[in-house]
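Asks: I'd like to ask you about the structure that follows.
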Amino acid sequence: MLKKALAVLLAAASLPAIAQAPAAESPAAAPRLIVAISVDQFSADLFSEYRPFYSGGLKRLSEGAVFPRGYQSHAATETCPGHSTILTGSRPSRTGIIANSWMDLNAARADKTIYCAEDESRPGTSSSNYVPSSIHLRVPTLGGRMKAANPAARVVSVAGKDRAAIMMGGPRADQTWWLSPKGYVSYPGVATPPLVARVNEIFTQRLATVNPGFELPPQCAPKDFPVSVGGGKSVGTGRFARPADNFGAFRASPEQDALTLAFAAAAIENVGLGKQAQTDIISIGLSATDVIGHAYGTEGTESCIQIDRLDRELGAFFDQLDKQGLDYIVILTADHGGHDLPERHRQNAMPMEQRVDRALMPRALSEAVAAKTGIGSKDLIQGDGPSGDLYFDRSLSRTQRAKVEAATLALLRAHPQVETVFTKAQLAAAPSPSGPPESWSLLQEAKASFDPERSGDLLLLLKPRITPIADPVKGSVATHGSPWDTDRRVPILFWRKGMQHFEQPLGVETVDIMPTLAALIHLPVPRNEIDGRCLDLTAGEGDSCTGQ
Ligand SMILES: [Zn+2]
């Protein structure tokens with residue numbers, strides 16, 4: 001299916017061809033193309049669980065420079081912060097992307113929730129009906145730095161989710177595309193080039209075609225049993241059978257990533273990426289693993305089929321790049337890890353797994369604190385869920401606020417599901433983390449995603465083995481976002497033709513990716529502008545960080 005789609009897409013190529021540049025002369029020569037792939041919610045655990053079964057793209061990447069226990073080191077292990085670290089070399093405390101959304105209680109508009117990838121100053125918008133924008137990203141991406149050094153460098157970003165495309169591409173990307181129910185779209189006012197129009201036609205055709213479902217690969221058979229989450233709903237045995245024109249089902253299926261990869265391969269050829277004298281970059285956000293993880297959990301047949309399909313589609317994608325004769329380096333990682341649903345965990349030797357107590361939801365917490373303090377206010381405490389940043393009503397007097405804070409802290413700290421609560425003052429005073437990410441304290445992790453302007457008045461962290469979804473019947477059954485290692489650990493895989501394999505099991509950070517790539521293309525990055533460090537990708541003697 002991918003090959004056929006590519007052939008059609010490439011026939012629609014419209015930009016003039018670029019003169020073929022000579023191939024790299026030596027391993028120290030800069031690759032002509034950086035392919036940066038983020039697989040949303042691809043935890044280090046998922047990567048290692050299926051490693052014996054890889055035969056496609058993930059097998060190839062497992063034979064390069066392998067960091068099987070990389071870290072999205074910060075506490076707020078969500079999609080937007082995670083994607084903001086991958087190509088900036090900076091933790092969320094520096095990128096400014098502290099969560100998928102935060103609150104600005106002083107915002108001019110009625111909706112005080114701010115989506116990470118929107119421009120809330122645009123009239124008539126809300127956090128759910130927003131104008132996509134990169135304005136909240138406080139630092140340049142690798143692509144932006146490459147263009148600053150050489151304006152001829154081309155920067156393309158495609159993804160299933162807008163926040164993935166925007167946070168990896170950054171404001172200077174030549175093209176930024178993400179999947180909507182209408183196909184791939186970009187910022188307002190960006191015209192749709194012929195290639196994207198053709199991709200969108202293919203998308204519409206695929207969506208209109210029923211998917212009978214995928215075969216169960218042999219390694220998935222032991223996982224093929226139903227797990228009930230109540231309300232007559234169960235997960236664990238899905239095959240992604242999809243009726244025609246159901247976009248939600250398309251997104252929550254391996255079909256989504258296959259389309260994004262077909263688009264990326266066609267865009268590389270169409271734009272002529274990797275065929276110039278300098279290095280170009282494409283970032284690719286593959287979002288299906290996350291949608292599937294939320295909808296079905298991480299340990300059922302659904303996730304197993306998805307990883308199998310992802311491996312194959314990545315393999316076909318790399319084969320296409322090889323056919324184009326490109327000298328490219330791949331980096332594949334994830335924006336965060338994940339955690340399976342408590343109902344299946346309990347069946348698999350984890351009887352202590354729980355869903356969150358509804359009393360911890362901001363509205364319930366507000367009511368409890370109002371009753372305790374006698375200070376009534378509809379939105380005394382605001383936040384987007386039962387963990388993470390909490391904000392106090394801005395209309396409180398200084399005395400009232402102190403009383404509310406004390407009462408909230410006392411209530412939360414006495415709750416059996418609460419690990420800890422940090423105040424804004426505590427986080428502001430904490431030093432920035434350093435040292436191995438596997439040994440950081442919760443305060444250090446929280447500091448890594450703290451922003452004095454955007455963070456809450458309190459940061460609530462739940463105990464491990466608590467899923468912050470009270471009701472799994474209507475929406476998601478499982479999630480991520482915690483400061484625990486299930487959500488922090490992600491694979492970091494580098495591969496380039498001729499690279500000698502090595503494996504480094506110690507913790508490194510996703511913020512190390514950008515300086516590592518920058519060194520390969522001889523792009524200077526001032527050390528004080530980033531949090532990461534260059535990883536030497538040369539096995540044995542030699543050092544790719546110094547070019548020796
Ligand atoms: Zn994500």
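Residue names in the structure tokens use chain letters A, B, ... in the order shown, residue numbers from 1 in each chain, and ligand numbers from 1 in the order shown.
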Give me, as a list in words, the set of residues whose atoms come within 7 Å of any atom of ligand 1, counting only C-alpha atoms and all ligand atoms.
Replies: Asp40, Gln41, Glu78, Thr79, Asp290, Asp335 and His336 of chain A
Asks: Using only C-alpha atoms, which residues sit within 12 Å of Ala364 of chain A once same-chain residues fewer than 2 positions away are excluded, as a PyMOL selection string?
Replies: chain A and resi 357-362+366-371+378-383+385-386+408+411-412
Asks: Would you put the residues from that selection into a file with N, CA, C and O atoms, as a PDB file, in the first residue's frame?
Replies:
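result-v6.pdb written:
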ATOM      1  N   ASP A 357      -8.571   8.900  42.587  1.00  0.00           N
ATOM      2  CA  ASP A 357      -9.743   9.274  43.372  1.00  0.00           C
ATOM      3  C   ASP A 357     -10.295  10.594  42.815  1.00  0.00           C
ATOM      4  O   ASP A 357      -9.558  11.567  42.662  1.00  0.00           O
ATOM      5  N   ARG A 358     -11.607  10.602  42.515  1.00  0.00           N
ATOM      6  CA  ARG A 358     -12.211  11.817  41.947  1.00  0.00           C
ATOM      7  C   ARG A 358     -12.078  13.026  42.868  1.00  0.00           C
ATOM      8  O   ARG A 358     -12.196  14.166  42.420  1.00  0.00           O
ATOM      9  N   ALA A 359     -11.851  12.783  44.146  1.00  0.00           N
ATOM     10  CA  ALA A 359     -11.706  13.900  45.094  1.00  0.00           C
ATOM     11  C   ALA A 359     -10.498  14.765  44.749  1.00  0.00           C
ATOM     12  O   ALA A 359     -10.364  15.886  45.239  1.00  0.00           O
ATOM     13  N   LEU A 360      -9.609  14.254  43.901  1.00  0.00           N
ATOM     14  CA  LEU A 360      -8.418  15.030  43.531  1.00  0.00           C
ATOM     15  C   LEU A 360      -8.626  15.882  42.277  1.00  0.00           C
ATOM     16  O   LEU A 360      -7.738  16.647  41.896  1.00  0.00           O
ATOM     17  N   MET A 361      -9.793  15.772  41.641  1.00  0.00           N
ATOM     18  CA  MET A 361     -10.065  16.623  40.485  1.00  0.00           C
ATOM     19  C   MET A 361     -10.174  18.076  40.973  1.00  0.00           C
ATOM     20  O   MET A 361     -10.683  18.333  42.067  1.00  0.00           O
ATOM     21  N   PRO A 362      -9.700  19.044  40.177  1.00  0.00           N
ATOM     22  CA  PRO A 362      -9.667  20.436  40.641  1.00  0.00           C
ATOM     23  C   PRO A 362     -11.012  20.955  41.163  1.00  0.00           C
ATOM     24  O   PRO A 362     -11.052  21.672  42.172  1.00  0.00           O
ATOM     25  N   SER A 366     -11.575  22.154  44.900  1.00  0.00           N
ATOM     26  CA  SER A 366     -12.059  23.515  45.164  1.00  0.00           C
ATOM     27  C   SER A 366     -13.171  23.496  46.204  1.00  0.00           C
ATOM     28  O   SER A 366     -13.182  24.292  47.149  1.00  0.00           O
ATOM     29  N   GLU A 367     -14.107  22.572  46.009  1.00  0.00           N
ATOM     30  CA  GLU A 367     -15.252  22.496  46.930  1.00  0.00           C
ATOM     31  C   GLU A 367     -14.790  22.128  48.333  1.00  0.00           C
ATOM     32  O   GLU A 367     -15.244  22.704  49.323  1.00  0.00           O
ATOM     33  N   ALA A 368     -13.861  21.181  48.419  1.00  0.00           N
ATOM     34  CA  ALA A 368     -13.371  20.749  49.731  1.00  0.00           C
ATOM     35  C   ALA A 368     -12.630  21.892  50.439  1.00  0.00           C
ATOM     36  O   ALA A 368     -12.812  22.118  51.643  1.00  0.00           O
ATOM     37  N   VAL A 369     -11.818  22.626  49.675  1.00  0.00           N
ATOM     38  CA  VAL A 369     -11.057  23.728  50.271  1.00  0.00           C
ATOM     39  C   VAL A 369     -11.991  24.883  50.649  1.00  0.00           C
ATOM     40  O   VAL A 369     -11.826  25.519  51.695  1.00  0.00           O
ATOM     41  N   ALA A 370     -13.004  25.121  49.823  1.00  0.00           N
ATOM     42  CA  ALA A 370     -13.980  26.173  50.132  1.00  0.00           C
ATOM     43  C   ALA A 370     -14.707  25.832  51.436  1.00  0.00           C
ATOM     44  O   ALA A 370     -14.903  26.711  52.299  1.00  0.00           O
ATOM     45  N   ALA A 371     -15.077  24.570  51.590  1.00  0.00           N
ATOM     46  CA  ALA A 371     -15.778  24.153  52.808  1.00  0.00           C
ATOM     47  C   ALA A 371     -14.879  24.320  54.033  1.00  0.00           C
ATOM     48  O   ALA A 371     -15.334  24.725  55.119  1.00  0.00           O
ATOM     49  N   LYS A 378     -16.145  29.804  42.641  1.00  0.00           N
ATOM     50  CA  LYS A 378     -16.458  28.692  41.727  1.00  0.00           C
ATOM     51  C   LYS A 378     -15.187  27.972  41.279  1.00  0.00           C
ATOM     52  O   LYS A 378     -15.134  26.768  41.199  1.00  0.00           O
ATOM     53  N   ASP A 379     -14.178  28.771  40.990  1.00  0.00           N
ATOM     54  CA  ASP A 379     -12.935  28.187  40.501  1.00  0.00           C
ATOM     55  C   ASP A 379     -11.781  28.519  41.426  1.00  0.00           C
ATOM     56  O   ASP A 379     -10.777  29.089  41.012  1.00  0.00           O
ATOM     57  N   LEU A 380     -11.948  28.138  42.674  1.00  0.00           N
ATOM     58  CA  LEU A 380     -10.921  28.421  43.674  1.00  0.00           C
ATOM     59  C   LEU A 380      -9.581  27.832  43.239  1.00  0.00           C
ATOM     60  O   LEU A 380      -8.539  28.460  43.363  1.00  0.00           O
ATOM     61  N   ILE A 381      -9.636  26.592  42.744  1.00  0.00           N
ATOM     62  CA  ILE A 381      -8.421  25.916  42.282  1.00  0.00           C
ATOM     63  C   ILE A 381      -8.695  25.403  40.877  1.00  0.00           C
ATOM     64  O   ILE A 381      -9.675  24.702  40.644  1.00  0.00           O
ATOM     65  N   GLN A 382      -7.823  25.774  39.944  1.00  0.00           N
ATOM     66  CA  GLN A 382      -8.033  25.362  38.564  1.00  0.00           C
ATOM     67  C   GLN A 382      -6.846  24.562  38.049  1.00  0.00           C
ATOM     68  O   GLN A 382      -5.718  24.732  38.497  1.00  0.00           O
ATOM     69  N   GLY A 383      -7.127  23.701  37.099  1.00  0.00           N
ATOM     70  CA  GLY A 383      -6.089  22.874  36.507  1.00  0.00           C
ATOM     71  C   GLY A 383      -6.749  21.959  35.507  1.00  0.00           C
ATOM     72  O   GLY A 383      -7.979  21.900  35.443  1.00  0.00           O
ATOM     73  N   GLY A 385      -6.534  18.643  35.295  1.00  0.00           N
ATOM     74  CA  GLY A 385      -6.752  17.249  35.683  1.00  0.00           C
ATOM     75  C   GLY A 385      -6.341  16.998  37.112  1.00  0.00           C
ATOM     76  O   GLY A 385      -5.987  17.933  37.837  1.00  0.00           O
ATOM     77  N   PRO A 386      -6.354  15.735  37.522  1.00  0.00           N
ATOM     78  CA  PRO A 386      -6.053  15.413  38.917  1.00  0.00           C
ATOM     79  C   PRO A 386      -4.563  15.304  39.217  1.00  0.00           C
ATOM     80  O   PRO A 386      -4.180  14.721  40.218  1.00  0.00           O
ATOM     81  N   THR A 408      -5.187  23.724  50.988  1.00  0.00           N
ATOM     82  CA  THR A 408      -5.014  22.808  49.852  1.00  0.00           C
ATOM     83  C   THR A 408      -3.840  21.867  50.105  1.00  0.00           C
ATOM     84  O   THR A 408      -3.934  20.653  49.893  1.00  0.00           O
ATOM     85  N   LEU A 411      -4.811  19.247  52.680  1.00  0.00           N
ATOM     86  CA  LEU A 411      -5.717  18.233  52.116  1.00  0.00           C
ATOM     87  C   LEU A 411      -4.954  17.263  51.208  1.00  0.00           C
ATOM     88  O   LEU A 411      -5.100  16.048  51.311  1.00  0.00           O
ATOM     89  N   LEU A 412      -4.164  17.830  50.319  1.00  0.00           N
ATOM     90  CA  LEU A 412      -3.451  16.986  49.353  1.00  0.00           C
ATOM     91  C   LEU A 412      -2.424  16.103  50.036  1.00  0.00           C
ATOM     92  O   LEU A 412      -2.311  14.909  49.728  1.00  0.00           O
TER      93      LEU A 412
END
Asks: If you run DSSP on the backbone here, which positions in segment 223-454 of chain A get strand (DSSP E)? Please write them as a PyMOL selection string.
Replies: chain A and resi 227-230+233-235+280-286+328-333+354-355+381-382+388-392+418-423
Asks: Please identify every residue of segment 257-367 of chain A that has at least one atom no farther than 8 Å from an atom of segment 143-161 of chain A, counting only C-alpha atoms, and for each give the shortest atom pair and the distance in Å to one decimal, arranged by chain then increasing number, as CSV.
Replies:
residue,atom,partner,partner_atom,distance
A:Asp257,CA,A:Gly160,CA,7.4
A:Thr260,CA,A:Ala159,CA,6.5
A:Ala264,CA,A:Val158,CA,6.8
A:Leu273,CA,A:Arg154,CA,6.9
A:Gln278,CA,A:Ala153,CA,6.3
A:Thr279,CA,A:Ala153,CA,6.2
A:Asp280,CA,A:Arg154,CA,4.9
A:Ile281,CA,A:Val155,CA,5.1
A:Ile282,CA,A:Val156,CA,4.7
A:Ser283,CA,A:Ser157,CA,4.7
A:Ile284,CA,A:Val158,CA,5.1
A:Gly285,CA,A:Ala159,CA,4.0
A:Leu286,CA,A:Gly160,CA,5.9
A:Ser287,CA,A:Gly160,CA,5.1
A:Ala288,CA,A:Gly160,CA,7.6
Asks: Please produce an output containing N, CA and C atoms for each residue in the selection, written as an mmCIF file, in the first residue's frame.
Replies:
data_model
loop_
_atom_site.group_PDB
_atom_site.id
_atom_site.type_symbol
_atom_site.label_atom_id
_atom_site.label_comp_id
_atom_site.auth_asym_id
_atom_site.auth_seq_id
_atom_site.Cartn_x
_atom_site.Cartn_y
_atom_site.Cartn_z
ATOM 1 N N ASP A 257 0.065 6.322 10.817
ATOM 2 C CA ASP A 257 1.515 6.473 10.638
ATOM 3 C C ASP A 257 1.958 6.080 9.234
ATOM 4 N N THR A 260 1.462 9.155 7.200
ATOM 5 C CA THR A 260 2.442 10.212 7.505
ATOM 6 C C THR A 260 3.812 9.851 6.922
ATOM 7 N N ALA A 264 5.924 11.832 4.185
ATOM 8 C CA ALA A 264 7.306 12.268 4.448
ATOM 9 C C ALA A 264 8.243 11.837 3.326
ATOM 10 N N LEU A 273 15.059 17.181 -0.628
ATOM 11 C CA LEU A 273 15.846 17.194 0.612
ATOM 12 C C LEU A 273 17.023 16.222 0.485
ATOM 13 N N GLN A 278 24.570 21.505 1.412
ATOM 14 C CA GLN A 278 24.469 21.560 2.872
ATOM 15 C C GLN A 278 23.430 20.543 3.360
ATOM 16 N N THR A 279 23.330 20.421 4.657
ATOM 17 C CA THR A 279 22.417 19.435 5.234
ATOM 18 C C THR A 279 21.004 20.007 5.343
ATOM 19 N N ASP A 280 20.015 19.192 5.038
ATOM 20 C CA ASP A 280 18.601 19.528 5.248
ATOM 21 C C ASP A 280 18.065 18.686 6.412
ATOM 22 N N ILE A 281 16.875 19.036 6.880
ATOM 23 C CA ILE A 281 16.287 18.249 7.979
ATOM 24 C C ILE A 281 14.784 18.079 7.766
ATOM 25 N N ILE A 282 14.316 16.871 8.049
ATOM 26 C CA ILE A 282 12.867 16.632 8.113
ATOM 27 C C ILE A 282 12.573 16.016 9.473
ATOM 28 N N SER A 283 11.585 16.562 10.157
ATOM 29 C CA SER A 283 11.132 15.923 11.394
ATOM 30 C C SER A 283 9.778 15.282 11.115
ATOM 31 N N ILE A 284 9.595 14.112 11.699
ATOM 32 C CA ILE A 284 8.401 13.307 11.431
ATOM 33 C C ILE A 284 7.791 12.880 12.760
ATOM 34 N N GLY A 285 6.574 13.289 12.995
ATOM 35 C CA GLY A 285 5.878 12.907 14.231
ATOM 36 C C GLY A 285 4.880 11.805 13.926
ATOM 37 N N LEU A 286 5.131 10.617 14.461
ATOM 38 C CA LEU A 286 4.239 9.476 14.241
ATOM 39 C C LEU A 286 3.358 9.311 15.474
ATOM 40 N N SER A 287 2.104 9.645 15.327
ATOM 41 C CA SER A 287 1.235 9.842 16.495
ATOM 42 C C SER A 287 0.370 8.647 16.860
ATOM 43 N N ALA A 288 0.301 7.620 15.997
ATOM 44 C CA ALA A 288 -0.677 6.555 16.222
ATOM 45 C C ALA A 288 -0.410 5.737 17.488
#
Asks: Between atom CA of Gly89 of chain A and atom CA of Ala258 of chain A, what is the distance, to one decimal in Å?
Replies: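 That distance, rounded to one decimal, is 28.2 Å.
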Asks: Counting only C-alpha atoms, what is within 12 Å of Ala241 of chain A, bar same-chain residues fewer than 5 positions away, as a count of residues only?
Replies: 15
Asks: May I have a table of the residues of segment 301-398 of chain A lying at most 12 Å from segment 480-490 of chain A, giving each one's closest pair of atoms and their distance in Å to one decimal, counting only C-alpha atoms, ordered by chain and ascending residue number, as JSON lines?
Replies:
{"residue": "A:Leu332", "atom": "CA", "partner": "A:Val490", "partner_atom": "CA", "distance": 9.8}
{"residue": "A:Thr333", "atom": "CA", "partner": "A:Val490", "partner_atom": "CA", "distance": 6.4}
{"residue": "A:Ala334", "atom": "CA", "partner": "A:Val490", "partner_atom": "CA", "distance": 5.8}
{"residue": "A:Asp335", "atom": "CA", "partner": "A:Val490", "partner_atom": "CA", "distance": 7.7}
{"residue": "A:His336", "atom": "CA", "partner": "A:Asp487", "partner_atom": "CA", "distance": 5.6}
{"residue": "A:Gly337", "atom": "CA", "partner": "A:Asp487", "partner_atom": "CA", "distance": 3.9}
{"residue": "A:Gly338", "atom": "CA", "partner": "A:Asp487", "partner_atom": "CA", "distance": 4.8}
{"residue": "A:His339", "atom": "CA", "partner": "A:His480", "partner_atom": "CA", "distance": 5.9}
{"residue": "A:Asp340", "atom": "CA", "partner": "A:His480", "partner_atom": "CA", "distance": 8.9}
{"residue": "A:Leu341", "atom": "CA", "partner": "A:His480", "partner_atom": "CA", "distance": 10.3}
{"residue": "A:Gly385", "atom": "CA", "partner": "A:Gly481", "partner_atom": "CA", "distance": 10.8}
{"residue": "A:Pro386", "atom": "CA", "partner": "A:Gly481", "partner_atom": "CA", "distance": 11.1}
{"residue": "A:Ser387", "atom": "CA", "partner": "A:Ser482", "partner_atom": "CA", "distance": 8.2}
{"residue": "A:Gly388", "atom": "CA", "partner": "A:Ser482", "partner_atom": "CA", "distance": 8.4}
{"residue": "A:Asp389", "atom": "CA", "partner": "A:Gly481", "partner_atom": "CA", "distance": 11.6}
Asks: Write the residues of the selection above to a file with N, CA, C and O atoms, as an mmCIF file, in the first residue's frame.
Replies:
data_model
loop_
_atom_site.group_PDB
_atom_site.id
_atom_site.type_symbol
_atom_site.label_atom_id
_atom_site.label_comp_id
_atom_site.auth_asym_id
_atom_site.auth_seq_id
_atom_site.Cartn_x
_atom_site.Cartn_y
_atom_site.Cartn_z
ATOM 1 N N LEU A 332 15.651 8.344 16.045
ATOM 2 C CA LEU A 332 14.275 8.009 16.425
ATOM 3 C C LEU A 332 14.188 7.990 17.940
ATOM 4 O O LEU A 332 15.025 7.401 18.626
ATOM 5 N N THR A 333 13.186 8.690 18.453
ATOM 6 C CA THR A 333 12.956 8.683 19.886
ATOM 7 C C THR A 333 11.453 8.872 20.132
ATOM 8 O O THR A 333 10.648 8.647 19.223
ATOM 9 N N ALA A 334 11.089 9.238 21.356
ATOM 10 C CA ALA A 334 9.685 9.439 21.697
ATOM 11 C C ALA A 334 9.543 10.676 22.566
ATOM 12 O O ALA A 334 10.499 11.104 23.214
ATOM 13 N N ASP A 335 8.342 11.211 22.593
ATOM 14 C CA ASP A 335 8.070 12.418 23.390
ATOM 15 C C ASP A 335 7.833 12.094 24.861
ATOM 16 O O ASP A 335 7.909 12.963 25.717
ATOM 17 N N HIS A 336 7.541 10.834 25.148
ATOM 18 C CA HIS A 336 7.326 10.354 26.522
ATOM 19 C C HIS A 336 7.073 8.862 26.439
ATOM 20 O O HIS A 336 6.892 8.335 25.332
ATOM 21 N N GLY A 337 7.049 8.197 27.586
ATOM 22 C CA GLY A 337 6.739 6.772 27.611
ATOM 23 C C GLY A 337 5.251 6.557 27.820
ATOM 24 O O GLY A 337 4.426 7.328 27.310
ATOM 25 N N GLY A 338 4.912 5.516 28.562
ATOM 26 C CA GLY A 338 3.498 5.230 28.781
ATOM 27 C C GLY A 338 3.307 4.195 29.871
ATOM 28 O O GLY A 338 4.274 3.604 30.375
ATOM 29 N N HIS A 339 2.061 3.996 30.211
ATOM 30 C CA HIS A 339 1.705 3.134 31.341
ATOM 31 C C HIS A 339 0.406 2.429 30.966
ATOM 32 O O HIS A 339 -0.539 3.075 30.516
ATOM 33 N N ASP A 340 0.360 1.131 31.127
ATOM 34 C CA ASP A 340 -0.825 0.367 30.732
ATOM 35 C C ASP A 340 -1.986 0.637 31.691
ATOM 36 O O ASP A 340 -1.814 1.209 32.764
ATOM 37 N N LEU A 341 -3.177 0.192 31.281
ATOM 38 C CA LEU A 341 -4.344 0.436 32.132
ATOM 39 C C LEU A 341 -4.282 -0.406 33.411
ATOM 40 O O LEU A 341 -3.799 -1.543 33.382
ATOM 41 N N GLY A 385 -6.534 18.643 35.295
ATOM 42 C CA GLY A 385 -6.752 17.249 35.683
ATOM 43 C C GLY A 385 -6.341 16.998 37.112
ATOM 44 O O GLY A 385 -5.987 17.933 37.837
ATOM 45 N N PRO A 386 -6.354 15.735 37.522
ATOM 46 C CA PRO A 386 -6.053 15.413 38.917
ATOM 47 C C PRO A 386 -4.563 15.304 39.217
ATOM 48 O O PRO A 386 -4.180 14.721 40.218
ATOM 49 N N SER A 387 -3.712 15.845 38.341
ATOM 50 C CA SER A 387 -2.281 15.908 38.657
ATOM 51 C C SER A 387 -1.700 17.047 37.832
ATOM 52 O O SER A 387 -2.348 17.559 36.929
ATOM 53 N N GLY A 388 -0.494 17.458 38.186
ATOM 54 C CA GLY A 388 0.139 18.545 37.443
ATOM 55 C C GLY A 388 -0.112 19.903 38.074
ATOM 56 O O GLY A 388 -0.314 20.007 39.289
ATOM 57 N N ASP A 389 -0.089 20.942 37.239
ATOM 58 C CA ASP A 389 -0.166 22.308 37.733
ATOM 59 C C ASP A 389 -1.565 22.672 38.221
ATOM 60 O O ASP A 389 -2.555 22.387 37.560
#
Asks: Would you list the contacts of Val199 of chain A as a ChimeraX atom specification, taking every protein, DNA or RNA residue within 7 Å and counting only C-alpha atoms, but skipping same-chain residues closer than 3 positions in sequence?
Replies: /A:9,195-196,202-203,263
Asks: Any chance you can output those residues with C-alpha atoms as a tab-separated table (two decimals), in the first residue's frame?
Replies:
chain	number	residue	atom	x	y	z
A	9	LEU	CA	2.65	10.91	-4.90
A	195	LEU	CA	2.04	17.48	-3.39
A	196	VAL	CA	-0.01	18.01	-0.24
A	202	ILE	CA	-5.08	9.72	-1.15
A	203	PHE	CA	-6.05	10.24	2.49
A	263	PHE	CA	3.83	11.80	2.94
Asks: Would you kindly return, as an MDAnalysis selection string, each protein, DNA or RNA residue with an atom no farther than 12 Å from any atom of Lys59 of chain A, considering only C-alpha atoms and excluding same-chain residues fewer than 5 positions away?
Replies: chainID A and resid 47:48 50:54 64 66 307:308 310:315 318 493:495 501
Asks: Looking at A:Pro437, A:Ser127, A:Gly274, A:Gly475, which one is nearest to Leu506 of chain A, with distances taken over only C-alpha atoms?
Replies: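 Result for the nearest residue to Leu506 of chain A: A:Pro437.
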Asks: Show which residues sit within 9 Å of Ser90 of chain A, as a list in words. Count only C-alpha atoms, and ignore same-chain residues fewer than 2 positions away.
Replies: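 The residues satisfying every condition are Ser84, Thr85, Ile86, Leu87, Thr88, Pro92, Ser93, Arg94, Thr95, Val139, Thr510, Val511, Asp512, Met514, Glu529, Ile530, Asp531 and Gly532 of chain A.
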Asks: For the selection just defined, write its residues with C-alpha atoms to a file, as an mmCIF file, in the first residue's frame.
Replies:
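Writing done, so here's out_30.cif:
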data_model
loop_
_atom_site.group_PDB
_atom_site.id
_atom_site.type_symbol
_atom_site.label_atom_id
_atom_site.label_comp_id
_atom_site.auth_asym_id
_atom_site.auth_seq_id
_atom_site.Cartn_x
_atom_site.Cartn_y
_atom_site.Cartn_z
ATOM 1 C CA SER A 84 9.925 20.549 22.516
ATOM 2 C CA THR A 85 13.049 18.845 23.938
ATOM 3 C CA ILE A 86 13.918 16.636 20.955
ATOM 4 C CA LEU A 87 15.359 19.163 18.509
ATOM 5 C CA THR A 88 16.066 22.141 20.768
ATOM 6 C CA PRO A 92 10.843 22.354 29.048
ATOM 7 C CA SER A 93 12.056 24.833 31.702
ATOM 8 C CA ARG A 94 14.016 26.465 28.873
ATOM 9 C CA THR A 95 11.717 25.754 25.902
ATOM 10 C CA VAL A 139 14.202 28.591 21.908
ATOM 11 C CA THR A 510 16.488 13.618 24.703
ATOM 12 C CA VAL A 511 18.039 17.081 25.057
ATOM 13 C CA ASP A 512 21.331 15.430 24.066
ATOM 14 C CA MET A 514 20.254 18.239 19.164
ATOM 15 C CA GLU A 529 22.086 28.121 25.236
ATOM 16 C CA ILE A 530 21.058 24.494 25.772
ATOM 17 C CA ASP A 531 20.762 21.812 28.472
ATOM 18 C CA GLY A 532 21.985 18.791 26.490
#
Asks: Could you pull out the alpha helix (DSSP H) residues of segment 135-247 of chain A, going by DSSP on the backbone, and write them as a ChimeraX atom specification?
Replies: /A:142-149,162-169,194-208,247
Asks: Which of these residues is nearest to Arg206 of chain A, using only C-alpha atoms: A:Trp440, A:Phe240, A:Phe247, A:Phe225?
Replies: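 Nearest to Arg206 of chain A: A:Phe247.
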